[in-house]
Amino acid sequence: MKVVTTVGIDLAKNSFEIVGVDENQHVVWRKRLKRSQVAEFFENLPRCKVAMEACGGSHFWGRVFRGQGHEVRIIAAQFVKPFVKSQKNDRNDELEIVEASLRPSMNFVAVKEVWQQDLQCLHRVRERVQAQRVQITNQIRSLLLESGIAIGEGVTEFKRDLPLILETPDNGISEILRQLVHDLYMDLKSLDQRKLKLDAQLENLASQSEECKRLMSVPGVGPLISTAFVAAIGDPGTFKNGRQVGAWLGLVPRQHSSGDRQVLSGITKRGDIYLRALLTHGARAVVAHSKRKPTKKTLYEWVSQLEARRGTNRTTIALANRNARVMWALLKDKTMYKVA
């Protein structure tokens, strides 16, 4: 009887398509299982490689299969797509996942622990709250502008002017619009409190985590960036070096080269948009702060010299890339950042 060495599983809500192949990639069996049957089936399966596409639930099932002794291989969806040969369906998908998992140059997604997913959930909720705050603010501005009232740019001006507008009785606003804006303002204040609570929760978790403490020793890295980085990167051993981390986050130039002709353009902007934005904001703060630092051979001198040659925006991205690589090294080597 042929021995199954690799199992491909197409994750779903209820029905899971599974295929087992031998060392020559020949199909040994195919099965369709209900969600309640999956864990028991893999518990009784001889230990092997289990490949799946990165999607909702992949980290949960990765922890389950890993706990049963299997070698888990999670693959990003964009790396599975090139192996599509014909029509897309679940039975074809499982074979494509297996084929992709057996490529020697394939990069896999590290299985996240529960606490890492909890951190990521906090950041996702915070991101949603922040987006809603912006939406409500913009809607209030547009509604008042229709009545001839313009609020100055910036959050400070908005929070200062809006209560005065609502309290002024003869400013030309109808009672219906005044009530609508008041209700939106109450929603905004509620979201502000929600955001403050999430920020405090993230700061508390960062202060209790040794990994986050290491990362916060890097200039431009605080509780938000450190917790987001630890949650997103999973196992730092997944990456061979820091350059892979920069490429994973889309902080490297886009390349379209051939032969001796090297063509580089803007950054690729691949990977986690949220984390890349946080790293960029942190780097921008360091660039602004470097102007007030004394001139000596430190990080701030490097930033100032690079900014003079290449400009603020390129310097910000270069520093964000550098910080990502340094943070990966600190997690991998379990050391603190040493100021140059």
# chains A, B, ... in the order shown; residues from 1 in each chain; ligands from 1
call {"tool": "residues_around", "arguments": {"residues": "Asp22 of chain A", "least_positions_apart": "6", "cutoff": "10 Å", "atoms": "only C-alpha atoms", "output": "PyMOL selection string"}}
result
chain A and resi 2-7+28-29
call {"tool": "select_by_dssp", "arguments": {"residues": "segment 187-295 of chain A", "states": "strand (DSSP E)", "output": "ChimeraX atom specification"}}
result
/A:253-255,264-267
call {"tool": "atom_distance", "arguments": {"atom1": "atom CA of Lys81 of chain A", "atom2": "atom CA of Glu53 of chain A"}}
result
10.3 Å
call {"tool": "closest_residue", "arguments": {"among": "A:Arg292, A:Arg309, A:Lys189, A:Arg73", "to": "Val50 of chain A", "atoms": "only C-alpha atoms"}}
result
A:Arg73
call {"tool": "select_by_dssp", "arguments": {"residues": "segment 56-255 of chain A", "states": "helix (DSSP H, G or I)", "output": "number ranges by chain"}}
result
A: 58-67, 77-83, 90-101, 114-145, 155-167, 175-208, 210-215, 223-233, 236-238, 242-248
call {"tool": "write_last_selection", "arguments": {"atoms": "C-alpha atoms", "output": "compact mmCIF listing (two decimals), in the first residue's frame"}}
result
# COMPACT_ATOMS: atom_id res chain seq x y z
CA SER A 58 -5.84 28.33 8.87
CA HIS A 59 -3.91 29.21 12.03
CA PHE A 60 -6.48 27.44 14.22
CA TRP A 61 -6.25 24.25 12.16
CA GLY A 62 -2.49 24.66 11.98
CA ARG A 63 -2.29 24.54 15.78
CA VAL A 64 -4.60 21.52 15.85
CA PHE A 65 -2.58 19.55 13.29
CA ARG A 66 0.73 20.58 14.84
CA GLY A 67 -0.48 19.38 18.23
CA ALA A 77 -2.94 32.49 -1.51
CA GLN A 78 -0.96 34.42 -4.13
CA PHE A 79 1.69 31.69 -4.13
CA VAL A 80 -0.88 28.96 -4.78
CA LYS A 81 -2.53 30.70 -7.74
CA PRO A 82 0.35 30.09 -10.23
CA PHE A 83 -0.24 26.34 -9.86
CA ASP A 90 -12.23 22.46 -4.39
CA ARG A 91 -10.88 19.20 -5.80
CA ASN A 92 -8.41 21.05 -8.01
CA ASP A 93 -7.51 23.49 -5.24
CA GLU A 94 -6.33 20.76 -2.88
CA LEU A 95 -3.92 19.38 -5.51
CA GLU A 96 -2.61 22.86 -6.27
CA ILE A 97 -1.95 23.42 -2.56
CA VAL A 98 -0.01 20.15 -2.36
CA GLU A 99 2.07 20.98 -5.42
CA ALA A 100 2.86 24.44 -4.12
CA SER A 101 3.86 23.08 -0.71
CA VAL A 114 -3.39 32.23 20.32
CA TRP A 115 -1.87 35.25 22.06
CA GLN A 116 -0.51 36.53 18.74
CA GLN A 117 -3.93 36.26 17.16
CA ASP A 118 -5.43 38.06 20.15
CA LEU A 119 -3.00 40.93 19.61
CA GLN A 120 -3.87 41.04 15.93
CA CYS A 121 -7.59 41.06 16.75
CA LEU A 122 -7.09 44.08 19.00
CA HIS A 123 -5.31 45.90 16.19
CA ARG A 124 -8.00 45.00 13.65
CA VAL A 125 -10.75 46.33 15.93
CA ARG A 126 -8.71 49.48 16.62
CA GLU A 127 -8.23 49.98 12.88
CA ARG A 128 -11.98 49.69 12.33
CA VAL A 129 -12.71 52.16 15.16
CA GLN A 130 -10.21 54.62 13.72
CA ALA A 131 -11.79 54.34 10.25
CA GLN A 132 -15.25 54.99 11.71
CA ARG A 133 -13.98 58.08 13.55
CA VAL A 134 -12.67 59.48 10.27
CA GLN A 135 -15.94 58.66 8.49
CA ILE A 136 -18.07 60.42 11.10
CA THR A 137 -15.77 63.44 11.20
CA ASN A 138 -15.90 63.81 7.42
CA GLN A 139 -19.68 63.41 7.37
CA ILE A 140 -20.15 66.10 10.01
CA ARG A 141 -17.90 68.45 8.06
CA SER A 142 -19.82 67.86 4.82
CA LEU A 143 -23.25 68.24 6.44
CA LEU A 144 -22.31 71.56 8.05
CA LEU A 145 -20.66 72.79 4.85
CA VAL A 155 -8.68 67.31 14.90
CA THR A 156 -7.96 70.09 17.41
CA GLU A 157 -9.98 72.67 15.47
CA PHE A 158 -12.80 70.18 14.93
CA LYS A 159 -13.17 69.32 18.62
CA ARG A 160 -12.93 73.00 19.57
CA ASP A 161 -15.38 74.40 17.00
CA LEU A 162 -18.10 71.73 16.84
CA PRO A 163 -19.51 72.17 20.40
CA LEU A 164 -19.65 75.95 19.85
CA ILE A 165 -21.52 75.46 16.56
CA LEU A 166 -24.07 73.18 18.22
CA GLU A 167 -24.60 75.60 21.12
CA GLU A 175 -33.22 71.86 14.21
CA ILE A 176 -33.23 68.59 12.24
CA LEU A 177 -29.62 69.06 11.14
CA ARG A 178 -28.57 70.21 14.59
CA GLN A 179 -29.98 67.02 16.12
CA LEU A 180 -28.35 64.86 13.46
CA VAL A 181 -24.95 66.46 13.99
CA HIS A 182 -25.37 66.19 17.76
CA ASP A 183 -26.08 62.46 17.48
CA LEU A 184 -23.06 61.99 15.22
CA TYR A 185 -20.95 63.90 17.71
CA MET A 186 -22.09 61.58 20.50
CA ASP A 187 -21.15 58.59 18.32
CA LEU A 188 -17.74 60.16 17.75
CA LYS A 189 -17.14 60.67 21.46
CA SER A 190 -18.12 57.05 22.09
CA LEU A 191 -15.61 55.89 19.48
CA ASP A 192 -12.95 58.12 21.05
CA GLN A 193 -13.47 56.37 24.37
CA ARG A 194 -13.38 52.98 22.66
CA LYS A 195 -10.09 53.84 20.95
CA LEU A 196 -8.55 55.05 24.22
CA LYS A 197 -9.55 51.79 25.87
CA LEU A 198 -8.00 49.72 23.07
CA ASP A 199 -4.80 51.80 23.18
CA ALA A 200 -4.55 51.29 26.93
CA GLN A 201 -5.07 47.56 26.52
CA LEU A 202 -2.33 47.34 23.89
CA GLU A 203 0.05 49.40 26.03
CA ASN A 204 -0.59 47.11 28.98
CA LEU A 205 0.08 43.99 26.91
CA ALA A 206 3.24 45.54 25.45
CA SER A 207 4.57 46.32 28.93
CA GLN A 208 4.07 42.66 29.95
CA GLU A 210 9.43 40.55 26.70
CA GLU A 211 9.30 40.55 22.90
CA CYS A 212 7.57 43.93 22.81
CA LYS A 213 10.01 45.39 25.34
CA ARG A 214 12.90 44.45 23.06
CA LEU A 215 11.23 46.07 20.07
CA PRO A 223 3.47 49.87 21.98
CA LEU A 224 1.40 50.02 18.79
CA ILE A 225 4.20 49.08 16.42
CA SER A 226 5.75 46.48 18.71
CA THR A 227 2.51 44.60 19.35
CA ALA A 228 1.49 44.78 15.68
CA PHE A 229 4.90 43.48 14.57
CA VAL A 230 4.95 40.59 17.05
CA ALA A 231 1.41 39.62 16.06
CA ALA A 232 2.05 39.78 12.32
CA ILE A 233 5.46 38.14 12.04
CA PRO A 236 10.85 35.04 13.22
CA GLY A 237 12.65 31.85 12.19
CA THR A 238 10.41 31.73 9.12
CA GLY A 242 16.16 40.83 7.67
CA ARG A 243 16.07 41.63 3.97
CA GLN A 244 13.24 39.12 3.55
CA VAL A 245 11.29 40.92 6.26
CA GLY A 246 11.62 44.24 4.44
CA ALA A 247 10.45 42.62 1.20
CA TRP A 248 7.58 40.88 3.02
call {"tool": "atom_distance", "arguments": {"atom1": "atom CA of Ser217 of chain A", "atom2": "atom CA of Lys334 of chain A"}}
result
12.4 Å
call {"tool": "atom_distance", "arguments": {"atom1": "atom CA of Met52 of chain A", "atom2": "atom CA of Leu11 of chain A"}}
result
7.2 Å
call {"tool": "residues_around", "arguments": {"residues": "segment 40-45 of chain A", "least_positions_apart": "5", "cutoff": "9 Å", "atoms": "only C-alpha atoms", "output": "PyMOL selection string"}}
result
chain A and resi 33+65+68-70
call {"tool": "closest_residue", "arguments": {"among": "A:Ile75, A:Val252, A:Val84, A:Ala308", "to": "Cys55 of chain A", "atoms": "only C-alpha atoms"}}
result
A:Ile75
call {"tool": "residues_around", "arguments": {"residues": "segment 280-284 of chain A", "least_positions_apart": "5", "cutoff": "7 Å", "atoms": "only C-alpha atoms", "output": "list in words"}}
result
Gly220, Val221, Thr316, Ile317, Leu319 and Ala320 of chain A
call {"tool": "write_last_selection", "arguments": {"atoms": "C-alpha atoms", "output": "mmCIF file, in the first residue's frame"}}
result
data_model
loop_
_atom_site.group_PDB
_atom_site.id
_atom_site.type_symbol
_atom_site.label_atom_id
_atom_site.label_comp_id
_atom_site.auth_asym_id
_atom_site.auth_seq_id
_atom_site.Cartn_x
_atom_site.Cartn_y
_atom_site.Cartn_z
ATOM 1 C CA GLY A 220 10.481 55.156 16.573
ATOM 2 C CA VAL A 221 8.886 51.966 17.931
ATOM 3 C CA THR A 316 11.319 57.783 6.019
ATOM 4 C CA ILE A 317 10.850 54.600 3.980
ATOM 5 C CA LEU A 319 14.323 54.057 8.087
ATOM 6 C CA ALA A 320 11.076 52.067 8.246
#
call {"tool": "closest_residue", "arguments": {"among": "A:Thr298, A:Arg32, A:Val326, A:Ala76", "to": "Val19 of chain A", "atoms": "only C-alpha atoms"}}
result
A:Arg32
